[in-house]
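Report on one structure; see the data block that follows.
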Amino acid sequence: MTQRVELATVRDRLDLDGLVTDYAVAVDDGDWAAYRRLFTPDGRADYRAAGGIEGDGGTVAGWLAERCAEYPVRQHLFVNRRIRLGTWERDTGDTAEVRTDYVSPASRGDGEGDGAAVLDLLSGGRCVFTALRTPDGWRLSRVVVRERWRRPTGGRPDGVID
């Protein structure tokens with residue numbers, strides 16, 4: 001591999017890492033316009049394994065907006081990211097797959113007023129992001145969220161998790 005190819009690979013990996021981070025931030029901040037911009041025009045998301053829906057990015061953004069309204073404080077923590085650049089089935093490197101595990105605490109409180117929000121829900125699982133290189137950079141062509149566990153915490157005002 002030449003240095004130029006190695007540098008391009010590093011750049012792609014960093015860009016894909018940024019795309020996944022932008023996804024998490026858009027969901028956590030409730031920035032549904034930013035969420036929609038992360039997808040290709042025909043991009044889809046599948047939340048069925050997390051009790052949700054499957055559809056195009058805009059439809060899923062609408063569903064998420066309604067669902068996330070119940071938990072105004074959210075924070076996705078993506079870990080164990082595995083990035084595979086497309087070199088299969090005659091691909092020239094314009095597709096990629098990112099698999100990442102997540103933990104997501106959420107609160108029904110807004111964290112304002114009396115202080116920090118109380119943890120009400122904790123969940124975790126794995127996301128598989130399929131990305132496509134476009135003239136505007138990497139975009140999501142498919143997202144599959146596989147929730148593996150969920151625990152209502154029964155958060156208490158003193159911050160203790162039951």
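Letters A, B, ... mark the chains of the structure tokens in the order given; residue numbers begin at 1 per chain; ligand numbers begin at 1, in order shown.
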Got a sec: who's within 10 Å of range 27-43 of chain A, counting only C-alpha atoms, leaving out chain neighbours fewer than 5 positions off, as number ranges by chain?
A: 19-20, 22, 55-62, 64-65, 68-69, 71-76, 104, 106, 130-134, 136-143
Selected residues written out with N, CA, C and O atoms, as a compact mmCIF listing (two decimals), in the first residue's frame:
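Output saved as again26.txt:
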```txt
# COMPACT_ATOMS: atom_id res chain seq x y z
N LEU A 19 -19.15 10.70 11.16
CA LEU A 19 -20.53 10.49 10.73
C LEU A 19 -21.34 9.80 11.82
O LEU A 19 -22.47 10.21 12.14
N VAL A 20 -20.77 8.77 12.43
CA VAL A 20 -21.45 8.05 13.50
C VAL A 20 -21.62 8.96 14.72
O VAL A 20 -22.68 8.95 15.37
N ASP A 22 -21.86 12.24 14.63
CA ASP A 22 -22.90 13.21 14.25
C ASP A 22 -24.29 12.59 14.40
O ASP A 22 -25.24 13.28 14.79
N GLY A 55 -37.96 2.63 8.08
CA GLY A 55 -38.40 3.52 7.02
C GLY A 55 -37.29 4.42 6.54
O GLY A 55 -36.13 4.29 6.94
N ASP A 56 -37.66 5.35 5.68
CA ASP A 56 -36.66 6.30 5.18
C ASP A 56 -36.25 7.24 6.31
O ASP A 56 -36.92 7.33 7.35
N GLY A 57 -35.13 7.93 6.11
CA GLY A 57 -34.59 8.79 7.16
C GLY A 57 -35.57 9.82 7.68
O GLY A 57 -35.64 10.07 8.89
N GLY A 58 -36.37 10.41 6.82
CA GLY A 58 -37.34 11.41 7.24
C GLY A 58 -38.46 10.83 8.09
O GLY A 58 -38.84 11.40 9.11
N THR A 59 -38.98 9.68 7.68
CA THR A 59 -40.04 9.02 8.44
C THR A 59 -39.54 8.61 9.81
O THR A 59 -40.21 8.83 10.83
N VAL A 60 -38.35 8.04 9.86
CA VAL A 60 -37.79 7.59 11.14
C VAL A 60 -37.47 8.79 12.03
O VAL A 60 -37.69 8.75 13.24
N ALA A 61 -37.02 9.88 11.43
CA ALA A 61 -36.75 11.10 12.23
C ALA A 61 -38.03 11.57 12.90
O ALA A 61 -38.01 11.97 14.07
N GLY A 62 -39.15 11.53 12.20
CA GLY A 62 -40.43 11.92 12.79
C GLY A 62 -40.83 11.00 13.93
O GLY A 62 -41.29 11.46 14.98
N LEU A 64 -38.74 9.18 15.75
CA LEU A 64 -37.80 9.43 16.85
C LEU A 64 -38.17 10.70 17.62
O LEU A 64 -38.07 10.74 18.85
N ALA A 65 -38.57 11.74 16.90
CA ALA A 65 -38.94 13.00 17.56
C ALA A 65 -40.07 12.76 18.56
O ALA A 65 -40.03 13.27 19.69
N CYS A 68 -38.64 10.29 21.44
CA CYS A 68 -37.63 10.91 22.30
C CYS A 68 -38.19 12.05 23.14
O CYS A 68 -37.57 12.46 24.12
N ALA A 69 -39.36 12.56 22.79
CA ALA A 69 -39.96 13.64 23.57
C ALA A 69 -40.21 13.20 25.01
O ALA A 69 -40.18 14.01 25.93
N TYR A 71 -38.25 11.45 26.77
CA TYR A 71 -36.96 11.49 27.46
C TYR A 71 -36.13 12.65 26.92
O TYR A 71 -35.31 12.47 26.03
N PRO A 72 -36.34 13.85 27.43
CA PRO A 72 -35.64 15.02 26.87
C PRO A 72 -34.13 15.01 27.09
O PRO A 72 -33.40 15.68 26.37
N VAL A 73 -33.66 14.25 28.06
CA VAL A 73 -32.21 14.15 28.28
C VAL A 73 -31.78 12.76 27.83
O VAL A 73 -32.21 11.75 28.39
N ARG A 74 -30.94 12.73 26.79
CA ARG A 74 -30.46 11.46 26.21
C ARG A 74 -28.97 11.59 25.95
O ARG A 74 -28.47 12.67 25.65
N GLN A 75 -28.28 10.45 26.02
CA GLN A 75 -26.86 10.48 25.70
C GLN A 75 -26.45 9.10 25.18
O GLN A 75 -26.42 8.13 25.94
N HIS A 76 -26.15 9.03 23.90
CA HIS A 76 -25.67 7.78 23.33
C HIS A 76 -24.15 7.72 23.47
O HIS A 76 -23.46 8.66 23.10
N SER A 104 -27.10 3.76 26.30
CA SER A 104 -27.85 5.01 26.20
C SER A 104 -28.66 5.26 27.47
O SER A 104 -29.73 4.68 27.64
N ALA A 106 -31.12 7.70 29.68
CA ALA A 106 -32.13 8.70 29.33
C ALA A 106 -32.88 9.12 30.59
O ALA A 106 -32.99 8.35 31.54
N THR A 130 -24.42 1.50 7.47
CA THR A 130 -23.86 1.31 6.13
C THR A 130 -23.80 2.69 5.50
O THR A 130 -24.78 3.44 5.52
N ALA A 131 -22.63 3.03 4.98
CA ALA A 131 -22.41 4.38 4.45
C ALA A 131 -21.99 4.33 2.99
O ALA A 131 -21.40 3.35 2.52
N LEU A 132 -22.28 5.41 2.31
CA LEU A 132 -21.96 5.57 0.90
C LEU A 132 -21.21 6.88 0.72
O LEU A 132 -21.62 7.91 1.26
N ARG A 133 -20.11 6.83 -0.03
CA ARG A 133 -19.39 8.07 -0.34
C ARG A 133 -20.18 8.84 -1.40
O ARG A 133 -20.55 8.29 -2.43
N THR A 134 -20.49 10.08 -1.13
CA THR A 134 -21.23 10.93 -2.06
C THR A 134 -20.38 12.16 -2.37
O THR A 134 -19.36 12.39 -1.71
N ASP A 136 -20.95 14.97 -1.41
CA ASP A 136 -20.98 15.77 -0.19
C ASP A 136 -20.31 15.07 0.99
O ASP A 136 -20.45 15.51 2.13
N GLY A 137 -19.61 13.98 0.73
CA GLY A 137 -18.96 13.22 1.79
C GLY A 137 -19.74 11.94 2.10
O GLY A 137 -20.66 11.57 1.38
N TRP A 138 -19.34 11.26 3.16
CA TRP A 138 -19.99 10.02 3.54
C TRP A 138 -21.39 10.30 4.07
O TRP A 138 -21.60 11.22 4.84
N ARG A 139 -22.36 9.49 3.62
CA ARG A 139 -23.74 9.58 4.08
C ARG A 139 -24.24 8.18 4.41
O ARG A 139 -23.77 7.20 3.86
N LEU A 140 -25.24 8.12 5.26
CA LEU A 140 -25.80 6.84 5.69
C LEU A 140 -26.80 6.32 4.66
O LEU A 140 -27.74 7.03 4.30
N SER A 141 -26.60 5.10 4.22
CA SER A 141 -27.58 4.48 3.34
C SER A 141 -28.48 3.52 4.11
O SER A 141 -29.59 3.23 3.68
N ARG A 142 -27.99 3.06 5.27
CA ARG A 142 -28.80 2.17 6.10
C ARG A 142 -28.27 2.21 7.53
O ARG A 142 -27.07 2.23 7.76
N VAL A 143 -29.20 2.22 8.47
CA VAL A 143 -28.88 2.11 9.89
C VAL A 143 -29.78 1.03 10.47
O VAL A 143 -30.99 1.05 10.24
```
Taking 6 positions as the minimum chain separation for residues in the same chain, which residues sit within 8 Å of range 96-99 of chain A when counting only C-alpha atoms? Answer as a list in words.
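Near neighbours after the sequence-gap exclusion: Leu16, Asn80, Arg81, Arg82, Ile83, Arg84, Leu85, Gly86, Arg126, Cys127, Val128, Phe129, Thr130, Ala131 and Leu132 of chain A.
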Selection to disk with C-alpha atoms, as a JSON list (two decimals), in the first residue's frame:
```
[["chain", "number", "residue", "atom", "x", "y", "z"],
["A", 16, "LEU", "CA", -16.87, 7.64, 9.14],
["A", 80, "ASN", "CA", -16.11, -0.68, 20.14],
["A", 81, "ARG", "CA", -16.40, 0.88, 16.69],
["A", 82, "ARG", "CA", -15.40, -1.49, 13.91],
["A", 83, "ILE", "CA", -15.03, 0.12, 10.51],
["A", 84, "ARG", "CA", -14.85, -1.89, 7.30],
["A", 85, "LEU", "CA", -14.26, -0.03, 4.08],
["A", 86, "GLY", "CA", -15.96, -1.49, 1.02],
["A", 126, "ARG", "CA", -25.45, -2.58, 18.65],
["A", 127, "CYS", "CA", -25.85, -0.31, 15.64],
["A", 128, "VAL", "CA", -24.81, -1.22, 12.13],
["A", 129, "PHE", "CA", -24.28, 1.79, 9.87],
["A", 130, "THR", "CA", -23.86, 1.31, 6.13],
["A", 131, "ALA", "CA", -22.41, 4.38, 4.45],
["A", 132, "LEU", "CA", -21.96, 5.57, 0.90]]
```
Can you work out which one of A:Gly125, A:Val144, A:Trp63, A:Ser107 has the shortest atom-to-atom distance to Asp46 in chain A, counting only C-alpha atoms?
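Looking at the shortest contact to Asp46 in chain A, the residue is A:Val144.
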What gap, in Å, lies between CA of Ala45 in chain A and CA of Thr100 in chain A?
15.2 Å
Pick from A:Thr153, A:Ile53, A:Phe78, A:Ser123: nearest to Gly18 in chain A, with only C-alpha atoms counted?
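Closest to Gly18 in chain A, using only C-alpha atoms: A:Phe78.
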Could you give me the residues within chain A that DSSP places in strand (DSSP E), as a ChimeraX atom specification?
/A:39-46,54-56,73-74,77-85,95-107,121-134,137-152
Just the number, please: distance in Å from CA of Trp149 in chain A to CA of Gly52 in chain A, one decimal.
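About the pair CA of Trp149 in chain A and CA of Gly52 in chain A: they are 14.4 Å apart.
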Apply DSSP to the backbone of this structure and, from range 40-159 of chain A, keep only the residues in alpha helix (DSSP H); write these as a list in words.
Gly57, Gly58, Thr59, Val60, Ala61, Gly62, Trp63, Leu64, Ala65, Glu66, Arg67 and Cys68 of chain A
Could you save those same residues with N, CA and C atoms as a PDB file, in the first residue's frame?
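Writing the result to part_10.pdb gives the following:
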```pdb
ATOM      1  N   GLY A  57     -35.131   7.933   6.111  1.00  0.00           N
ATOM      2  CA  GLY A  57     -34.587   8.790   7.156  1.00  0.00           C
ATOM      3  C   GLY A  57     -35.575   9.820   7.685  1.00  0.00           C
ATOM      4  N   GLY A  58     -36.368  10.410   6.815  1.00  0.00           N
ATOM      5  CA  GLY A  58     -37.341  11.411   7.244  1.00  0.00           C
ATOM      6  C   GLY A  58     -38.455  10.827   8.090  1.00  0.00           C
ATOM      7  N   THR A  59     -38.977   9.682   7.681  1.00  0.00           N
ATOM      8  CA  THR A  59     -40.036   9.023   8.438  1.00  0.00           C
ATOM      9  C   THR A  59     -39.539   8.613   9.814  1.00  0.00           C
ATOM     10  N   VAL A  60     -38.351   8.039   9.860  1.00  0.00           N
ATOM     11  CA  VAL A  60     -37.794   7.593  11.139  1.00  0.00           C
ATOM     12  C   VAL A  60     -37.470   8.790  12.025  1.00  0.00           C
ATOM     13  N   ALA A  61     -37.016   9.885  11.428  1.00  0.00           N
ATOM     14  CA  ALA A  61     -36.750  11.101  12.226  1.00  0.00           C
ATOM     15  C   ALA A  61     -38.032  11.574  12.904  1.00  0.00           C
ATOM     16  N   GLY A  62     -39.152  11.529  12.198  1.00  0.00           N
ATOM     17  CA  GLY A  62     -40.433  11.918  12.790  1.00  0.00           C
ATOM     18  C   GLY A  62     -40.828  11.005  13.931  1.00  0.00           C
ATOM     19  N   TRP A  63     -40.646   9.701  13.740  1.00  0.00           N
ATOM     20  CA  TRP A  63     -40.950   8.743  14.794  1.00  0.00           C
ATOM     21  C   TRP A  63     -40.047   8.972  16.007  1.00  0.00           C
ATOM     22  N   LEU A  64     -38.744   9.176  15.754  1.00  0.00           N
ATOM     23  CA  LEU A  64     -37.804   9.429  16.853  1.00  0.00           C
ATOM     24  C   LEU A  64     -38.171  10.699  17.620  1.00  0.00           C
ATOM     25  N   ALA A  65     -38.568  11.744  16.899  1.00  0.00           N
ATOM     26  CA  ALA A  65     -38.941  13.001  17.559  1.00  0.00           C
ATOM     27  C   ALA A  65     -40.070  12.760  18.562  1.00  0.00           C
ATOM     28  N   GLU A  66     -41.071  11.969  18.161  1.00  0.00           N
ATOM     29  CA  GLU A  66     -42.177  11.654  19.068  1.00  0.00           C
ATOM     30  C   GLU A  66     -41.712  10.786  20.222  1.00  0.00           C
ATOM     31  N   ARG A  67     -40.955   9.760  19.911  1.00  0.00           N
ATOM     32  CA  ARG A  67     -40.487   8.811  20.928  1.00  0.00           C
ATOM     33  C   ARG A  67     -39.540   9.472  21.930  1.00  0.00           C
ATOM     34  N   CYS A  68     -38.636  10.291  21.435  1.00  0.00           N
ATOM     35  CA  CYS A  68     -37.629  10.913  22.301  1.00  0.00           C
ATOM     36  C   CYS A  68     -38.194  12.053  23.138  1.00  0.00           C
TER      37      CYS A  68
END
```
Suppose you want the space between CA of Arg150 in chain A and CA of Asp101 in chain A; what is it in Å?
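Between CA of Arg150 in chain A and CA of Asp101 in chain A the gap works out to 13.8 Å.
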Spatial neighbours of Leu77 in chain A, 8 Å, only C-alpha atoms, chain gap at least 5 places, as a ChimeraX atom specification
/A:24,102-104
Now that the selection is made, can you save its residues with all heavy atoms as a PDB file, in the first residue's frame?
```
ATOM      1  N   ALA A  24     -25.201  10.232  16.590  1.00  0.00           N
ATOM      2  CA  ALA A  24     -25.514  10.188  18.028  1.00  0.00           C
ATOM      3  C   ALA A  24     -25.880  11.568  18.560  1.00  0.00           C
ATOM      4  O   ALA A  24     -26.849  11.723  19.303  1.00  0.00           O
ATOM      5  CB  ALA A  24     -24.332   9.619  18.809  1.00  0.00           C
ATOM      6  N   TYR A 102     -23.542   0.317  21.804  1.00  0.00           N
ATOM      7  CA  TYR A 102     -23.967   1.558  22.453  1.00  0.00           C
ATOM      8  C   TYR A 102     -24.556   1.297  23.827  1.00  0.00           C
ATOM      9  O   TYR A 102     -25.078   0.227  24.107  1.00  0.00           O
ATOM     10  CB  TYR A 102     -24.977   2.332  21.589  1.00  0.00           C
ATOM     11  CG  TYR A 102     -26.358   1.716  21.540  1.00  0.00           C
ATOM     12  CD1 TYR A 102     -27.332   2.034  22.488  1.00  0.00           C
ATOM     13  CD2 TYR A 102     -26.696   0.812  20.550  1.00  0.00           C
ATOM     14  CE1 TYR A 102     -28.597   1.466  22.444  1.00  0.00           C
ATOM     15  CE2 TYR A 102     -27.952   0.236  20.501  1.00  0.00           C
ATOM     16  CZ  TYR A 102     -28.897   0.563  21.447  1.00  0.00           C
ATOM     17  OH  TYR A 102     -30.136  -0.006  21.402  1.00  0.00           O
ATOM     18  N   VAL A 103     -24.447   2.292  24.659  1.00  0.00           N
ATOM     19  CA  VAL A 103     -25.141   2.382  25.933  1.00  0.00           C
ATOM     20  C   VAL A 103     -25.832   3.733  25.907  1.00  0.00           C
ATOM     21  O   VAL A 103     -25.222   4.741  25.514  1.00  0.00           O
ATOM     22  CB  VAL A 103     -24.181   2.290  27.134  1.00  0.00           C
ATOM     23  CG1 VAL A 103     -24.920   2.527  28.438  1.00  0.00           C
ATOM     24  CG2 VAL A 103     -23.467   0.954  27.138  1.00  0.00           C
ATOM     25  N   SER A 104     -27.096   3.764  26.295  1.00  0.00           N
ATOM     26  CA  SER A 104     -27.846   5.009  26.204  1.00  0.00           C
ATOM     27  C   SER A 104     -28.665   5.264  27.467  1.00  0.00           C
ATOM     28  O   SER A 104     -29.730   4.681  27.641  1.00  0.00           O
ATOM     29  CB  SER A 104     -28.772   4.972  24.984  1.00  0.00           C
ATOM     30  OG  SER A 104     -29.461   6.193  24.862  1.00  0.00           O
TER      31      SER A 104
END
```
